[in-house]
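Here is coords-v8.cif, consisting of mmCIF, C-alpha atoms and all ligand atoms:
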data_work
#
loop_
_atom_site.label_atom_id
_atom_site.label_comp_id
_atom_site.auth_asym_id
_atom_site.auth_seq_id
_atom_site.Cartn_x
_atom_site.Cartn_y
_atom_site.Cartn_z
CA MET W 9 9.90 -21.03 -8.90
CA ARG W 10 6.67 -20.54 -10.80
CA GLY W 11 5.11 -23.85 -9.74
CA ASP W 12 6.17 -23.14 -6.14
CA LEU W 13 4.53 -19.73 -6.28
CA LEU W 14 1.23 -21.28 -7.21
CA SER W 15 1.17 -23.48 -4.15
CA ARG W 16 3.04 -21.18 -1.74
CA PHE W 17 0.61 -18.28 -2.03
CA GLN W 18 -2.52 -20.28 -2.68
CA ALA W 19 -5.03 -20.47 0.17
CA SER W 20 -5.69 -24.05 1.20
CA THR W 21 -8.73 -25.66 -0.35
CA ASN W 22 -9.63 -27.76 2.69
CA GLY W 23 -11.96 -25.19 4.23
CA ARG W 24 -9.40 -24.05 6.78
CA PHE W 25 -7.79 -20.69 6.24
CA ARG W 26 -6.25 -18.22 8.66
CA LEU W 27 -5.04 -14.78 7.69
CA ARG W 28 -2.53 -14.81 10.52
CA ASP W 29 -0.62 -17.60 8.74
CA HIS W 30 0.15 -15.10 5.95
CA ASP W 31 2.56 -12.23 6.46
CA PRO W 32 1.43 -9.04 4.65
CA ALA W 33 4.97 -7.64 4.96
CA TRP W 34 6.74 -10.57 3.26
CA ASP W 35 9.38 -8.93 1.11
CA GLY W 36 10.14 -11.43 -1.58
CA GLY W 37 12.78 -13.42 0.27
CA ALA W 38 15.99 -13.08 -1.72
CA GLN W 39 14.19 -11.14 -4.44
CA THR W 40 15.09 -7.46 -4.82
CA LYS W 41 12.61 -4.77 -5.76
CA GLU W 42 14.53 -4.02 -8.98
CA HIS W 43 14.71 -7.64 -10.00
CA ALA W 44 11.00 -8.19 -9.32
CA ALA W 45 10.12 -5.09 -11.38
CA SER W 46 12.23 -6.39 -14.27
CA GLN W 47 10.42 -9.75 -14.05
CA VAL W 48 7.08 -7.93 -14.29
CA ASP W 49 8.39 -6.11 -17.39
CA ARG W 50 9.56 -9.35 -18.95
CA ASN W 51 6.24 -10.97 -18.19
CA HIS W 52 4.36 -8.29 -20.18
CA GLN W 53 5.52 -9.96 -23.39
CA ARG W 54 4.60 -13.40 -22.02
CA LEU W 55 1.16 -12.26 -20.99
CA TYR W 56 0.65 -10.67 -24.38
CA GLU W 57 1.56 -13.98 -26.03
CA SER W 58 -0.82 -15.82 -23.68
CA GLN W 59 -3.53 -13.38 -24.66
CA GLU W 60 -2.93 -13.98 -28.38
CA LEU W 61 -3.20 -17.70 -27.84
CA LEU W 62 -6.33 -17.27 -25.72
CA TRP W 63 -7.90 -15.19 -28.49
CA ALA W 64 -6.83 -17.50 -31.32
CA SER W 65 -7.89 -20.71 -29.62
CA GLY W 66 -11.23 -19.16 -28.64
CA THR W 67 -12.05 -21.91 -26.14
CA HIS W 68 -11.37 -20.24 -22.79
CA SER W 69 -11.58 -16.95 -20.94
CA VAL W 70 -9.66 -15.76 -17.88
CA LEU W 71 -11.42 -14.04 -15.00
CA ILE W 72 -9.21 -12.19 -12.52
CA VAL W 73 -10.90 -11.25 -9.26
CA LEU W 74 -9.20 -8.54 -7.21
CA GLN W 75 -10.22 -7.97 -3.61
CA ALA W 76 -8.59 -5.89 -0.90
CA MET W 77 -9.01 -3.21 1.70
CA ASP W 78 -8.72 0.41 0.52
CA THR W 79 -5.21 1.58 -0.46
CA ALA W 80 -3.95 -2.01 -0.85
CA GLY W 81 -2.96 -1.30 -4.46
CA LYS W 82 -5.61 -2.89 -6.69
CA ASP W 83 -5.53 -0.09 -9.26
CA GLY W 84 -1.72 0.03 -9.34
CA LEU W 85 -1.55 -3.73 -9.79
CA ILE W 86 -3.90 -3.58 -12.77
CA LYS W 87 -1.83 -0.79 -14.31
CA HIS W 88 1.56 -2.43 -13.76
CA VAL W 89 0.72 -6.06 -14.46
CA MET W 90 -1.73 -5.73 -17.33
CA THR W 91 0.15 -3.05 -19.28
CA GLY W 92 1.08 -4.46 -22.65
CA LEU W 93 -2.10 -6.42 -23.21
CA ASN W 94 -4.15 -5.76 -26.30
CA PRO W 95 -7.10 -3.63 -25.08
CA GLN W 96 -9.26 -5.60 -27.51
CA GLY W 97 -9.49 -8.77 -25.51
CA CYS W 98 -9.20 -7.35 -22.01
CA ASP W 99 -12.02 -5.75 -20.00
CA VAL W 100 -11.67 -4.12 -16.60
CA TRP W 101 -14.78 -3.67 -14.45
CA GLY W 102 -14.81 -1.74 -11.19
CA PHE W 103 -17.77 -2.54 -8.96
CA LYS W 104 -19.06 0.18 -6.65
CA VAL W 105 -22.20 0.49 -4.52
CA PRO W 106 -24.92 -1.15 -6.66
CA SER W 107 -27.41 1.05 -8.51
CA ALA W 108 -31.16 0.87 -7.87
CA ARG W 109 -31.54 -1.16 -11.06
CA GLU W 110 -28.83 -3.63 -10.03
CA GLN W 111 -30.49 -4.07 -6.66
CA GLN W 112 -33.65 -5.25 -8.41
CA HIS W 113 -31.85 -8.44 -9.42
CA ASP W 114 -30.26 -11.42 -7.69
CA PHE W 115 -26.91 -10.69 -6.08
CA LEU W 116 -24.83 -12.26 -8.89
CA TRP W 117 -26.63 -10.54 -11.77
CA ARG W 118 -24.49 -7.49 -12.36
CA TYR W 119 -21.30 -9.56 -12.20
CA SER W 120 -22.58 -12.19 -14.66
CA MET W 121 -23.31 -9.41 -17.16
CA ALA W 122 -19.63 -8.41 -17.06
CA LEU W 123 -18.00 -11.84 -17.43
CA PRO W 124 -15.28 -12.15 -20.10
CA ALA W 125 -16.20 -13.78 -23.40
CA ARG W 126 -14.15 -16.72 -24.68
CA GLY W 127 -10.79 -15.47 -25.90
CA SER W 128 -10.67 -12.59 -23.41
CA PHE W 129 -9.28 -11.54 -20.06
CA GLY W 130 -11.73 -9.95 -17.62
CA ILE W 131 -10.58 -8.13 -14.52
CA PHE W 132 -13.02 -7.53 -11.68
CA ASN W 133 -11.75 -4.65 -9.52
CA ARG W 134 -13.94 -5.72 -6.57
CA SER W 135 -16.43 -8.41 -7.42
CA TYR W 136 -19.33 -10.58 -6.27
CA TYR W 137 -17.20 -11.20 -3.18
CA GLU W 138 -18.30 -7.77 -1.92
CA GLU W 139 -21.68 -9.45 -1.43
CA VAL W 140 -20.15 -11.45 1.44
CA LEU W 141 -17.68 -8.75 2.55
CA VAL W 142 -18.98 -5.16 2.63
CA VAL W 143 -22.56 -6.45 2.73
CA ARG W 144 -21.74 -8.68 5.69
CA VAL W 145 -19.99 -5.85 7.52
CA HIS W 146 -22.91 -3.52 6.69
CA PRO W 147 -25.96 -5.82 6.59
CA GLU W 148 -28.21 -2.79 6.05
CA PHE W 149 -27.45 -3.26 2.31
CA LEU W 150 -29.48 -6.47 2.46
CA ALA W 151 -32.81 -4.73 2.88
CA LYS W 152 -32.32 -3.03 -0.51
CA GLN W 153 -31.68 -6.47 -1.97
CA GLY W 154 -34.93 -7.81 -0.53
CA SER W 155 -32.98 -10.04 1.87
CA ALA W 156 -32.62 -10.29 5.63
CA ASP W 157 -29.57 -11.20 7.72
CA HIS W 158 -30.53 -14.67 8.93
CA HIS W 159 -27.98 -17.06 10.37
CA SER W 160 -27.44 -19.21 7.26
CA LEU W 161 -27.43 -16.37 4.71
CA TRP W 162 -23.65 -16.17 4.42
CA THR W 163 -23.10 -19.90 4.11
CA GLU W 164 -25.83 -19.95 1.45
CA ARG W 165 -24.05 -17.17 -0.43
CA TYR W 166 -20.70 -19.00 -0.23
CA GLU W 167 -22.42 -22.06 -1.64
CA GLU W 168 -24.00 -20.03 -4.44
CA ILE W 169 -20.67 -18.41 -5.28
CA ASN W 170 -18.98 -21.83 -5.37
CA ASP W 171 -21.70 -23.17 -7.67
CA PHE W 172 -21.42 -20.09 -9.89
CA GLU W 173 -17.64 -20.49 -10.16
CA LYS W 174 -17.89 -24.22 -10.80
CA HIS W 175 -20.34 -23.50 -13.61
CA LEU W 176 -17.97 -20.92 -15.11
CA ALA W 177 -14.94 -23.19 -14.80
CA ARG W 178 -16.75 -26.08 -16.49
CA ASN W 179 -17.66 -23.70 -19.29
CA GLY W 180 -14.09 -22.66 -20.03
CA THR W 181 -13.37 -19.80 -17.63
CA ALA W 182 -10.10 -19.93 -15.73
CA ILE W 183 -10.70 -18.10 -12.46
CA VAL W 184 -7.87 -16.50 -10.49
CA LYS W 185 -8.68 -14.70 -7.27
CA PHE W 186 -6.21 -12.34 -5.61
CA PHE W 187 -6.54 -11.02 -2.10
CA LEU W 188 -4.07 -8.17 -1.62
CA HIS W 189 -3.18 -8.71 2.00
CA LEU W 190 -2.34 -5.33 3.57
CA SER W 191 -1.59 -4.66 7.23
CA LYS W 192 -3.57 -2.06 9.13
CA LYS W 193 -0.33 -0.29 9.94
CA GLU W 194 0.64 0.03 6.26
CA GLN W 195 -2.86 1.29 5.43
CA ARG W 196 -2.40 4.09 7.97
CA LYS W 197 0.87 5.05 6.30
CA ARG W 198 -0.73 5.12 2.86
CA LEU W 199 -3.74 7.13 4.06
CA LEU W 200 -1.37 9.65 5.64
CA GLU W 201 0.52 9.93 2.35
CA ARG W 202 -2.73 10.74 0.61
CA LEU W 203 -3.40 13.44 3.22
CA ASN W 204 0.08 14.91 3.26
CA GLU W 205 0.95 14.94 -0.43
CA PRO W 206 -1.12 17.43 -2.44
CA ALA W 207 -0.62 15.35 -5.60
CA LYS W 208 -2.37 12.46 -3.84
CA HIS W 209 -5.28 14.46 -2.38
CA TRP W 210 -7.59 13.36 -5.19
CA LYS W 211 -7.14 9.75 -4.03
CA PHE W 212 -8.38 10.47 -0.52
CA SER W 213 -11.91 9.49 0.39
CA ALA W 214 -13.34 10.06 3.85
CA ALA W 215 -15.21 6.77 3.35
CA ASP W 216 -11.85 4.94 3.50
CA LEU W 217 -11.38 6.20 7.05
CA ALA W 218 -14.90 5.16 8.02
CA GLU W 219 -14.34 1.64 6.68
CA ARG W 220 -10.98 1.40 8.47
CA GLN W 221 -12.88 1.42 11.76
CA TYR W 222 -14.42 -1.89 10.75
CA TRP W 223 -11.03 -3.52 10.15
CA PRO W 224 -11.61 -6.57 12.45
CA GLU W 225 -15.07 -7.17 10.95
CA TYR W 226 -13.61 -7.05 7.45
CA MET W 227 -10.80 -9.44 8.38
CA THR W 228 -13.32 -11.95 9.77
CA ALA W 229 -15.45 -11.60 6.64
CA TYR W 230 -12.40 -12.12 4.39
CA GLU W 231 -11.17 -15.08 6.40
CA ASP W 232 -14.54 -16.84 6.32
CA ALA W 233 -15.14 -16.08 2.63
CA ILE W 234 -11.70 -17.27 1.55
CA ALA W 235 -11.95 -20.42 3.69
CA ALA W 236 -15.32 -21.26 2.14
CA THR W 237 -14.52 -20.44 -1.49
CA SER W 238 -10.93 -21.44 -2.17
CA THR W 239 -11.32 -24.36 -4.54
CA LYS W 240 -9.18 -26.19 -7.09
CA HIS W 241 -11.11 -24.65 -9.98
CA ALA W 242 -11.17 -21.14 -8.48
CA PRO W 243 -8.25 -20.73 -6.09
CA TRP W 244 -7.57 -17.71 -3.90
CA TYR W 245 -4.04 -16.35 -3.84
CA ILE W 246 -3.03 -14.36 -0.79
CA LEU W 247 -0.59 -11.75 -2.03
CA PRO W 248 1.50 -9.94 0.58
CA ALA W 249 0.70 -6.29 -0.19
CA ASP W 250 2.65 -4.14 2.27
CA HIS W 251 5.26 -3.91 -0.49
CA LYS W 252 3.47 -3.04 -3.72
CA TRP W 253 6.21 -4.54 -5.89
CA VAL W 254 5.82 -7.93 -4.18
CA ALA W 255 2.10 -8.16 -4.93
CA ARG W 256 2.63 -7.05 -8.55
CA TRP W 257 5.46 -9.49 -9.16
CA LEU W 258 3.55 -12.45 -7.66
CA ALA W 259 0.34 -11.59 -9.55
CA SER W 260 2.20 -11.42 -12.83
CA GLU W 261 3.90 -14.80 -12.27
CA ILE W 262 0.69 -16.48 -11.10
CA LEU W 263 -1.27 -15.22 -14.10
CA ILE W 264 1.25 -16.58 -16.56
CA ALA W 265 1.32 -19.93 -14.77
CA THR W 266 -2.49 -20.04 -14.78
CA VAL W 267 -2.79 -19.48 -18.52
CA LYS W 268 -0.02 -22.01 -19.12
CA GLN W 269 -2.01 -24.62 -17.21
CA LEU W 270 -4.81 -24.26 -19.77
CA LYS W 271 -2.46 -25.84 -22.36
CA LEU W 272 -3.99 -23.73 -25.10
CA LYS W 273 -3.30 -24.56 -28.71
CA LEU W 274 -3.83 -22.74 -31.98
CA PRO W 275 -6.97 -24.11 -33.65
CA PRO W 276 -6.23 -26.98 -36.08
CA VAL W 277 -6.24 -26.10 -39.79
CA SER W 278 -8.67 -28.25 -41.76
CA LYS W 279 -7.93 -29.88 -45.09
CA GLN W 280 -10.25 -27.42 -46.86
CA GLN W 281 -8.57 -24.46 -45.19
CA ARG W 282 -5.14 -25.71 -46.21
CA ALA W 283 -6.36 -26.05 -49.77
CA ALA W 284 -7.83 -22.53 -49.61
CA ILE W 285 -4.48 -21.17 -48.37
CA THR W 286 -2.60 -22.83 -51.27
CA ALA W 287 -5.19 -21.49 -53.74
CA ALA W 288 -5.00 -17.98 -52.26
CA LYS W 289 -1.18 -17.97 -52.49
CA ARG W 290 -1.41 -19.05 -56.12
CA GLU W 291 -3.93 -16.32 -56.88
CA LEU W 292 -1.66 -13.72 -55.29
CA GLY W 293 1.22 -15.01 -57.44
CA LYS W 294 3.19 -16.57 -54.59
P1 LIG C 1 -13.46 1.93 -4.59
O1 LIG C 1 -13.31 0.58 -5.25
O2 LIG C 1 -12.50 2.13 -3.46
O3 LIG C 1 -13.47 3.05 -5.56
O4 LIG C 1 -14.88 2.00 -3.87
C1 LIG C 1 -15.98 1.31 -4.23
C2 LIG C 1 -16.91 1.27 -3.04
O5 LIG C 1 -18.06 0.52 -3.40
C3 LIG C 1 -16.30 0.57 -1.83
O6 LIG C 1 -16.50 1.35 -0.69
C4 LIG C 1 -17.06 -0.74 -1.75
O7 LIG C 1 -17.21 -1.18 -0.44
C5 LIG C 1 -18.39 -0.36 -2.37
N1 LIG C 1 -19.06 -1.56 -2.93
C6 LIG C 1 -18.61 -2.37 -3.88
N2 LIG C 1 -19.47 -3.39 -4.10
C7 LIG C 1 -20.49 -3.21 -3.23
C8 LIG C 1 -21.67 -3.92 -2.95
N3 LIG C 1 -21.98 -5.05 -3.61
N4 LIG C 1 -22.50 -3.46 -2.01
C9 LIG C 1 -22.18 -2.33 -1.34
N5 LIG C 1 -21.08 -1.61 -1.54
C10 LIG C 1 -20.23 -2.03 -2.47
MG MG C 2 -11.32 3.20 -2.27
#
Please go through the file and, once you have read it, give me the structure as structure tokens.
Amino acid sequence: MRGDLLSRFQASTNGRFRLRDHDPAWDGGAQTKEHAASQVDRNHQRLYESQELLWASGTHSVLIVLQAMDTAGKDGLIKHVMTGLNPQGCDVWGFKVPSAREQQHDFLWRYSMALPARGSFGIFNRSYYEEVLVVRVHPEFLAKQGSADHHSLWTERYEEINDFEKHLARNGTAIVKFFLHLSKKEQRKRLLERLNEPAKHWKFSAADLAERQYWPEYMTAYEDAIAATSTKHAPWYILPADHKWVARWLASEILIATVKQLKLKLPPVSKQQRAAITAAKRELGK
């Protein structure tokens, strides 16, 4: 199933991608919610082992890019899927509206500063993709970046993102990009829950409602960005997100498969090191 998952939910890398070919309400086929949750639990141990190997081998890092509309479940996915990892060796970065200082630099600067070091997992809760998503929907951000909305700007940015990711991949970063695909109808339901349940009031932001009005513009921006940037070395996975447990289960399986593909090995022990180990044992009377 794992190999199938990789290809089934991966956006095509031939430049053609349509959101309407992906059902946000897919419910796991024959999978039940309970079974999927138990798989996620079981995978915690596997991910932890992958992380140990990543750390010990010291040759690669893993960058997880999470993109979605508001309420799609990015934070919950991080909590449920990444629980069990050693915090030393896993960084989570949430990217919000850039600061004045960040706007003084090129559009990839603040993201490059946060990239995971070799041996580590890095999670980008929103990412440089916002530079072709929210910034495209609200081009007024461009002025602060010293840029103007000319007709080839977005294709140039896609190209720059592809080059950036190719550079990272060649330098040992495994890149996994998840789009949590939520329907507009399910977003309405989740926003209403935030409004109607006092315990969820803190999660409500009026800005979410404002952005919801731009739903078609966001979908076009996502579709174009994913079509232009789904590559072999940095694939996009389209995770059905109307059922939170589906997205979490798929993300957990895909992550394990991705690390497995790196074929990591413990570093070889040199002759001198072996001799030092024997000497140390002797010294400790063993
Ligand atoms: P949230 O992740 O929901 O807490 O909100 C973060 C907010 O920051 C969202 O409204 C994003 O659209 C916004 N944001 C993230 N990155 C950028 C960016 N590069 N330019 C402008 N707004 C951004
Ligand atoms: Mg939000």
**OP:** Could you tell me, counting only C-alpha atoms and all ligand atoms, which protein and nucleic acid residues lie no more than 8 Å from ligand MG 2 (chain C), written as a ChimeraX atom specification?
**Re:** /W:77-79,211,213,215-216
**OP:** Do a neighbour search on His241 of chain W at 8 Å with only C-alpha atoms, toss out local chain neighbours closer than 2 positions, and write the hits as JSON, numbers by chain.
**Re:** {"W": [173, 174, 177, 182, 183, 239, 243]}
Report, as AutoDock Vina command-line options, the axis-aligned box around all atoms of ligand LIG 1 (chain C) present in the file, extended by 6 Å on each side; give centre and edge lengths in Å to one decimal place.
--center_x -17.5 --center_y -1.0 --center_z -3.0 --size_x 22.0 --size_y 20.1 --size_z 17.1
**OP:** Rank nothing, just name the residue among W:His146, W:Arg256, W:Gln53, W:Glu219 nearest to Gly84 of chain W, using only C-alpha atoms.
**Re:**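 With only C-alpha atoms as the atom set, the closest residue is W:Arg256.
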**OP:** Could I get the residue neighbourhood of ligand LIG 1 (chain C) at 9 Å, counting only C-alpha atoms and all ligand atoms, as an NGL selection string?
**Re:** :W and (77-79 or 82-83 or 102-106 or 115 or 133-143 or 146 or 149-150 or 213 or 215-216 or 219)
Arg178 of chain W environment, 12 Å, only C-alpha atoms, sequence neighbours closer than 6 positions dropped, as a PDB file with C-alpha atoms, in the frame of the given file:
ATOM      1  CA  THR W  67     -12.050 -21.910 -26.140  1.00  0.00           C
ATOM      2  CA  HIS W  68     -11.370 -20.240 -22.790  1.00  0.00           C
ATOM      3  CA  SER W  69     -11.580 -16.950 -20.940  1.00  0.00           C
ATOM      4  CA  ASP W 171     -21.700 -23.170  -7.670  1.00  0.00           C
ATOM      5  CA  PHE W 172     -21.420 -20.090  -9.890  1.00  0.00           C
ATOM      6  CA  HIS W 241     -11.110 -24.650  -9.980  1.00  0.00           C
ATOM      7  CA  ALA W 242     -11.170 -21.140  -8.480  1.00  0.00           C
TER       8      ALA W 242
END
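Residues within 7 Å of segment 10-21 of chain W, counting only C-alpha atoms and excluding same-chain residues fewer than 5 positions away, are W:Ser238, W:Thr239, W:Lys240, W:Pro243, W:Trp244, W:Tyr245, W:Ile246, W:Leu247, W:Glu261, W:Ile262, W:Ala265.
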**OP:** Would you work out the distance separating atom CA of Glu201 of chain W from atom CA of Gly81 of chain W, expressed in Å to one decimal?
**Re:** 13.6 Å
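The point (4.3, -10.3, -16.3) has these residues within 8 Å of it, counting all atoms listed in the file: Gln47, Val48, Asp49, Arg50, Asn51, His52, Gln53, Arg54, Leu55, Val89, Met90, Trp257, Ala259, Ser260, Glu261, Leu263 and Ile264 of chain W.
For the pair atom CA of Phe212 of chain W and atom CA of Ser191 of chain W, the separation is 18.3 Å.
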Subject >> Residue among W:Ala255, W:Ala229, W:Ala207, W:Leu270 lying closest to Phe25 of chain W, counting all atoms listed in the file >> reply: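 Using all atoms listed in the file, the shortest distance to Phe25 of chain W belongs to W:Ala229.
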Subject >> atom CA of Thr228 of chain W to atom CA of Ala33 of chain W, distance in Å rounded to a single decimal >> reply: 19.4 Å
Original post:
Of the candidates W:Phe187, W:Val145, W:Lys41, W:Leu161, which one gets nearest to Tyr226 of chain W if we count all atoms listed in the file?
Top reply: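 That would be W:Val145, the residue with the smallest distance to Tyr226 of chain W.
Using all atoms listed in the file, the residues found no farther than 9 Å from Trp253 of chain W, other than those of its own chain fewer than 3 positions away, are Asp35, Lys41, Glu42, Ala44, Ala45, Leu85, Ala249, Asp250, Arg256, Trp257 and Leu258 of chain W.
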**OP:** Determine, counting all atoms listed in the file, which protein, DNA and RNA residues have an atom within 7 Å of an atom of Tyr56 of chain W; residues of the same chain fewer than 4 positions away are not included. Present the result as a PyMOL selection string.
**Re:** chain W and resi 52+60+92-93
